[in-house]
Amino acid sequence: MALLNRTRERWNRLESAAPEGELLTFRQMEVYGRRFARRGRGAWYSVAIEVIWQFLVLFSRFRVRGAGHIPASGGVLVASNHLSFADPATATAFCLAAGRVPRYLAKSSLWKAPVVGRIMLSGRHIPVYRGAATASGAYRDAVVAVRAGECVAIFPESTFSKDPDGWPMKGKTGAARIALETGVPVVPLANWGTHHLLPATAWFPRGIPRKTVDLVAGPPVDLSDLRDAKLTRVVLDEATARIMAAITELLAGIRGEQPPANRV
């Protein structure tokens, strides 16, 4: 009986995710995936999530903090830095474990691609209409989504960082425009280590040995003084700068260093 009790206690410990900030073991990575939100994912998006997550379990180890900053319900923007094609996968896992199903902004042409188009449609992701008559028109579906209570994930840089040391670049104003037009919170997310798992120039993951991926969210960016302002370029640039500064501060904490003042 004593042996059975000890076995049960050990199993219960394994079934618990590691405390925030601790590197997840292989077993804890599996348990982390069991916490994922499942309602509202759609069939094709769910398949993609489950398949990709198994690769992440095999080839990476997460260290996560700050998931509690993502609200349990209501519209929210999660804004992350961008270093790798693996970023959407790791950011998705982080949001799912926080209880939210993230919708992504992506170029509208992806909806016409085989398989990918089905995933985008199933996941209720959001097409960006490049070449739209107005900047607000390009993001109209994102505005509708967050007003309907969705969690929308966005990479404000719109491309991989070109900074040689991986620091965030100046962001585009789309996230700021959506946030100021709708009033939803913007939660900054720093994503670090994906560039080692899947470098921008690589075709396949480099998961041996397993790579560490840090994911840290911070409190919503304070845009309260800009909420009622006219959406001029100056206002949008200021809001965007605050969002990128919050992401950069989180990333500096992960890396234990400060970015150079003259970064790209």
# chains A, B, ... in the order shown; residues from 1 in each chain; ligands from 1
$ residues_around --residues "Ala179 in chain A" --least-positions-apart "2" --cutoff "10 Å" --atoms "only C-alpha atoms" --output "number ranges by chain"
A: 75-77, 142-143, 146, 174-177, 181-186, 223, 227, 236, 239
$ write_last_selection --atoms "N, CA, C and O atoms" --output "PDB file, in the first residue's frame"
ATOM      1  N   GLY A  75     -12.250  40.284 -26.023  1.00  0.00           N
ATOM      2  CA  GLY A  75     -11.294  40.588 -27.072  1.00  0.00           C
ATOM      3  C   GLY A  75      -9.935  40.967 -26.523  1.00  0.00           C
ATOM      4  O   GLY A  75      -9.831  41.681 -25.525  1.00  0.00           O
ATOM      5  N   VAL A  76      -8.881  40.471 -27.157  1.00  0.00           N
ATOM      6  CA  VAL A  76      -7.522  40.781 -26.740  1.00  0.00           C
ATOM      7  C   VAL A  76      -6.586  40.600 -27.928  1.00  0.00           C
ATOM      8  O   VAL A  76      -6.802  39.737 -28.782  1.00  0.00           O
ATOM      9  N   LEU A  77      -5.556  41.430 -27.976  1.00  0.00           N
ATOM     10  CA  LEU A  77      -4.470  41.275 -28.941  1.00  0.00           C
ATOM     11  C   LEU A  77      -3.247  40.764 -28.193  1.00  0.00           C
ATOM     12  O   LEU A  77      -2.893  41.298 -27.141  1.00  0.00           O
ATOM     13  N   ALA A 142     -10.033  41.888 -38.480  1.00  0.00           N
ATOM     14  CA  ALA A 142      -9.421  41.805 -37.154  1.00  0.00           C
ATOM     15  C   ALA A 142     -10.210  42.647 -36.158  1.00  0.00           C
ATOM     16  O   ALA A 142     -10.417  42.243 -35.010  1.00  0.00           O
ATOM     17  N   VAL A 143     -10.664  43.807 -36.593  1.00  0.00           N
ATOM     18  CA  VAL A 143     -11.491  44.666 -35.743  1.00  0.00           C
ATOM     19  C   VAL A 143     -12.784  43.950 -35.375  1.00  0.00           C
ATOM     20  O   VAL A 143     -13.204  43.930 -34.208  1.00  0.00           O
ATOM     21  N   VAL A 146     -11.936  40.974 -32.730  1.00  0.00           N
ATOM     22  CA  VAL A 146     -11.699  41.325 -31.323  1.00  0.00           C
ATOM     23  C   VAL A 146     -12.952  41.906 -30.689  1.00  0.00           C
ATOM     24  O   VAL A 146     -13.200  41.709 -29.498  1.00  0.00           O
ATOM     25  N   GLY A 174      -0.376  48.233 -37.562  1.00  0.00           N
ATOM     26  CA  GLY A 174      -1.636  47.496 -37.583  1.00  0.00           C
ATOM     27  C   GLY A 174      -2.174  47.142 -36.214  1.00  0.00           C
ATOM     28  O   GLY A 174      -3.358  47.330 -35.928  1.00  0.00           O
ATOM     29  N   ALA A 175      -1.308  46.614 -35.338  1.00  0.00           N
ATOM     30  CA  ALA A 175      -1.756  46.229 -33.997  1.00  0.00           C
ATOM     31  C   ALA A 175      -2.259  47.451 -33.224  1.00  0.00           C
ATOM     32  O   ALA A 175      -3.293  47.388 -32.543  1.00  0.00           O
ATOM     33  N   ALA A 176      -1.529  48.560 -33.328  1.00  0.00           N
ATOM     34  CA  ALA A 176      -1.937  49.779 -32.639  1.00  0.00           C
ATOM     35  C   ALA A 176      -3.273  50.279 -33.176  1.00  0.00           C
ATOM     36  O   ALA A 176      -4.148  50.708 -32.410  1.00  0.00           O
ATOM     37  N   ARG A 177      -3.460  50.211 -34.473  1.00  0.00           N
ATOM     38  CA  ARG A 177      -4.708  50.669 -35.090  1.00  0.00           C
ATOM     39  C   ARG A 177      -5.894  49.857 -34.578  1.00  0.00           C
ATOM     40  O   ARG A 177      -6.932  50.409 -34.207  1.00  0.00           O
ATOM     41  N   GLU A 181      -8.760  51.441 -32.114  1.00  0.00           N
ATOM     42  CA  GLU A 181     -10.105  51.510 -32.694  1.00  0.00           C
ATOM     43  C   GLU A 181     -11.113  50.736 -31.849  1.00  0.00           C
ATOM     44  O   GLU A 181     -12.280  51.110 -31.775  1.00  0.00           O
ATOM     45  N   THR A 182     -10.663  49.658 -31.202  1.00  0.00           N
ATOM     46  CA  THR A 182     -11.594  48.797 -30.473  1.00  0.00           C
ATOM     47  C   THR A 182     -11.525  48.936 -28.962  1.00  0.00           C
ATOM     48  O   THR A 182     -12.466  48.563 -28.255  1.00  0.00           O
ATOM     49  N   GLY A 183     -10.390  49.410 -28.443  1.00  0.00           N
ATOM     50  CA  GLY A 183     -10.226  49.525 -27.003  1.00  0.00           C
ATOM     51  C   GLY A 183      -9.822  48.243 -26.301  1.00  0.00           C
ATOM     52  O   GLY A 183      -9.756  48.197 -25.068  1.00  0.00           O
ATOM     53  N   VAL A 184      -9.499  47.187 -27.038  1.00  0.00           N
ATOM     54  CA  VAL A 184      -9.118  45.920 -26.403  1.00  0.00           C
ATOM     55  C   VAL A 184      -7.675  46.004 -25.905  1.00  0.00           C
ATOM     56  O   VAL A 184      -6.869  46.771 -26.440  1.00  0.00           O
ATOM     57  N   PRO A 185      -7.326  45.228 -24.876  1.00  0.00           N
ATOM     58  CA  PRO A 185      -5.956  45.265 -24.357  1.00  0.00           C
ATOM     59  C   PRO A 185      -4.971  44.621 -25.329  1.00  0.00           C
ATOM     60  O   PRO A 185      -5.320  43.727 -26.099  1.00  0.00           O
ATOM     61  N   VAL A 186      -3.725  45.092 -25.269  1.00  0.00           N
ATOM     62  CA  VAL A 186      -2.627  44.509 -26.036  1.00  0.00           C
ATOM     63  C   VAL A 186      -1.660  43.876 -25.047  1.00  0.00           C
ATOM     64  O   VAL A 186      -1.012  44.568 -24.259  1.00  0.00           O
ATOM     65  N   LEU A 223      -2.165  52.162 -23.121  1.00  0.00           N
ATOM     66  CA  LEU A 223      -2.496  53.059 -24.235  1.00  0.00           C
ATOM     67  C   LEU A 223      -3.662  53.969 -23.860  1.00  0.00           C
ATOM     68  O   LEU A 223      -4.283  54.577 -24.738  1.00  0.00           O
ATOM     69  N   ARG A 227      -6.505  56.487 -26.274  1.00  0.00           N
ATOM     70  CA  ARG A 227      -7.743  55.827 -26.693  1.00  0.00           C
ATOM     71  C   ARG A 227      -8.709  56.757 -27.431  1.00  0.00           C
ATOM     72  O   ARG A 227      -9.366  56.344 -28.383  1.00  0.00           O
ATOM     73  N   LEU A 236      -0.516  56.678 -33.937  1.00  0.00           N
ATOM     74  CA  LEU A 236      -0.282  55.269 -34.238  1.00  0.00           C
ATOM     75  C   LEU A 236       1.181  54.898 -34.024  1.00  0.00           C
ATOM     76  O   LEU A 236       1.481  53.814 -33.513  1.00  0.00           O
ATOM     77  N   ALA A 239       1.759  54.615 -30.199  1.00  0.00           N
ATOM     78  CA  ALA A 239       1.190  53.378 -29.657  1.00  0.00           C
ATOM     79  C   ALA A 239       2.029  52.171 -30.078  1.00  0.00           C
ATOM     80  O   ALA A 239       2.291  51.262 -29.272  1.00  0.00           O
TER      81      ALA A 239
END
$ closest_atom_pairs --of "range 125-185 of chain A" --to "range 252-255 of chain A" --cutoff "12 Å" --atoms "only C-alpha atoms" --output "JSON lines"
{"residue": "A:Asp165", "atom": "CA", "partner": "A:Arg255", "partner_atom": "CA", "distance": 11.0}
{"residue": "A:Gly166", "atom": "CA", "partner": "A:Arg255", "partner_atom": "CA", "distance": 10.7}
{"residue": "A:Trp167", "atom": "CA", "partner": "A:Ala252", "partner_atom": "CA", "distance": 8.7}
{"residue": "A:Pro168", "atom": "CA", "partner": "A:Ala252", "partner_atom": "CA", "distance": 10.5}
$ write_last_selection --atoms "all heavy atoms" --output "mmCIF file, in the first residue's frame"
data_model
loop_
_atom_site.group_PDB
_atom_site.id
_atom_site.type_symbol
_atom_site.label_atom_id
_atom_site.label_comp_id
_atom_site.auth_asym_id
_atom_site.auth_seq_id
_atom_site.Cartn_x
_atom_site.Cartn_y
_atom_site.Cartn_z
ATOM 1 N N ASP A 165 21.343 40.590 -33.880
ATOM 2 C CA ASP A 165 21.300 39.928 -32.574
ATOM 3 C C ASP A 165 19.883 39.522 -32.170
ATOM 4 O O ASP A 165 19.651 39.106 -31.025
ATOM 5 C CB ASP A 165 21.897 40.843 -31.496
ATOM 6 C CG ASP A 165 23.384 41.098 -31.731
ATOM 7 O OD1 ASP A 165 24.093 40.128 -32.050
ATOM 8 O OD2 ASP A 165 23.809 42.260 -31.624
ATOM 9 N N GLY A 166 18.938 39.667 -33.078
ATOM 10 C CA GLY A 166 17.590 39.182 -32.825
ATOM 11 C C GLY A 166 16.680 40.092 -32.031
ATOM 12 O O GLY A 166 15.598 39.664 -31.601
ATOM 13 N N TRP A 167 17.090 41.353 -31.837
ATOM 14 C CA TRP A 167 16.211 42.273 -31.119
ATOM 15 C C TRP A 167 15.061 42.722 -32.028
ATOM 16 O O TRP A 167 15.226 42.783 -33.245
ATOM 17 C CB TRP A 167 16.994 43.487 -30.633
ATOM 18 C CG TRP A 167 17.999 43.162 -29.586
ATOM 19 C CD1 TRP A 167 19.349 43.065 -29.731
ATOM 20 C CD2 TRP A 167 17.730 42.849 -28.213
ATOM 21 N NE1 TRP A 167 19.948 42.720 -28.552
ATOM 22 C CE2 TRP A 167 18.971 42.579 -27.588
ATOM 23 C CE3 TRP A 167 16.562 42.764 -27.447
ATOM 24 C CZ2 TRP A 167 19.085 42.241 -26.244
ATOM 25 C CZ3 TRP A 167 16.672 42.423 -26.105
ATOM 26 C CH2 TRP A 167 17.917 42.170 -25.514
ATOM 27 N N PRO A 168 13.892 43.042 -31.455
ATOM 28 C CA PRO A 168 12.765 43.482 -32.277
ATOM 29 C C PRO A 168 13.081 44.752 -33.045
ATOM 30 O O PRO A 168 13.808 45.632 -32.573
ATOM 31 C CB PRO A 168 11.653 43.722 -31.247
ATOM 32 C CG PRO A 168 12.015 42.851 -30.087
ATOM 33 C CD PRO A 168 13.518 42.881 -30.033
#
$ closest_residue --among "A:Leu198, A:Leu180, A:Val115, A:Ala91" --to "Thr232 in chain A" --atoms "only C-alpha atoms"
A:Leu180
$ atom_distance --atom1 "CA of Phe36 in chain A" --atom2 "CA of Pro220 in chain A"
22.0 Å
$ select_by_dssp --residues "range 84-194 of chain A" --states "helix (DSSP H, G or I)" --output "number ranges by chain"
A: 87-97, 108-112, 116-122, 135-138, 140-147, 174-182, 194
$ closest_residue --among "A:Ala245, A:Leu83, A:Val78, A:Val57" --to "His195 in chain A" --atoms "only C-alpha atoms"
A:Leu83
$ residues_around --residues "Tyr45 in chain A" --least-positions-apart "2" --cutoff "12 Å" --atoms "only C-alpha atoms" --output "ChimeraX atom specification"
/A:38-43,47-53,89,92,101-104,115-125
$ select_by_dssp --residues "range 210-264 of chain A" --states "strand (DSSP E)" --output "number ranges by chain"
A: 211-217
$ write_last_selection --atoms "N, CA, C and O atoms" --output "PDB file, in the first residue's frame"
ATOM      1  N   LYS A 211      15.823  22.070 -28.096  1.00  0.00           N
ATOM      2  CA  LYS A 211      16.078  23.497 -27.928  1.00  0.00           C
ATOM      3  C   LYS A 211      15.148  24.102 -26.877  1.00  0.00           C
ATOM      4  O   LYS A 211      13.979  23.732 -26.770  1.00  0.00           O
ATOM      5  N   THR A 212      15.688  25.039 -26.123  1.00  0.00           N
ATOM      6  CA  THR A 212      14.894  25.761 -25.127  1.00  0.00           C
ATOM      7  C   THR A 212      14.168  26.927 -25.777  1.00  0.00           C
ATOM      8  O   THR A 212      14.766  27.713 -26.507  1.00  0.00           O
ATOM      9  N   VAL A 213      12.874  27.022 -25.511  1.00  0.00           N
ATOM     10  CA  VAL A 213      12.061  28.137 -26.009  1.00  0.00           C
ATOM     11  C   VAL A 213      11.458  28.860 -24.804  1.00  0.00           C
ATOM     12  O   VAL A 213      10.760  28.246 -23.995  1.00  0.00           O
ATOM     13  N   ASP A 214      11.770  30.137 -24.672  1.00  0.00           N
ATOM     14  CA  ASP A 214      11.208  30.963 -23.609  1.00  0.00           C
ATOM     15  C   ASP A 214      10.031  31.753 -24.139  1.00  0.00           C
ATOM     16  O   ASP A 214      10.124  32.381 -25.212  1.00  0.00           O
ATOM     17  N   LEU A 215       8.936  31.733 -23.390  1.00  0.00           N
ATOM     18  CA  LEU A 215       7.741  32.495 -23.730  1.00  0.00           C
ATOM     19  C   LEU A 215       7.303  33.266 -22.492  1.00  0.00           C
ATOM     20  O   LEU A 215       6.965  32.665 -21.464  1.00  0.00           O
ATOM     21  N   VAL A 216       7.340  34.595 -22.584  1.00  0.00           N
ATOM     22  CA  VAL A 216       7.013  35.437 -21.434  1.00  0.00           C
ATOM     23  C   VAL A 216       6.050  36.530 -21.865  1.00  0.00           C
ATOM     24  O   VAL A 216       6.343  37.300 -22.793  1.00  0.00           O
ATOM     25  N   ALA A 217       4.895  36.582 -21.219  1.00  0.00           N
ATOM     26  CA  ALA A 217       3.921  37.649 -21.469  1.00  0.00           C
ATOM     27  C   ALA A 217       3.990  38.660 -20.336  1.00  0.00           C
ATOM     28  O   ALA A 217       4.344  38.331 -19.198  1.00  0.00           O
TER      29      ALA A 217
END
$ closest_residue --among "A:Ala148, A:Leu105, A:Ala200, A:Met244" --to "Val128 in chain A" --atoms "only C-alpha atoms"
A:Leu105
$ atom_distance --atom1 "CA of Arg61 in chain A" --atom2 "CA of Pro188 in chain A"
21.2 Å
$ atom_distance --atom1 "CA of Ile178 in chain A" --atom2 "CA of Pro127 in chain A"
14.0 Å
$ closest_residue --among "A:Tyr139, A:Phe62, A:Phe155, A:Phe55" --to "Trp192 in chain A" --atoms "only C-alpha atoms"
A:Phe62
$ residues_around --residues "Glu30 in chain A" --least-positions-apart "2" --cutoff "12 Å" --atoms "only C-alpha atoms" --output "PyMOL selection string"
chain A and resi 14-18+24-28+32-36+50+53-58+60-62+93+97
$ closest_residue --among "A:His69, A:Phe94, A:Leu231, A:His82" --to "Met29 in chain A" --atoms "only C-alpha atoms"
A:Phe94
$ closest_residue --among "A:Ala79, A:Met169, A:Leu110, A:Cys95" --to "Ile154 in chain A" --atoms "only C-alpha atoms"
A:Ala79
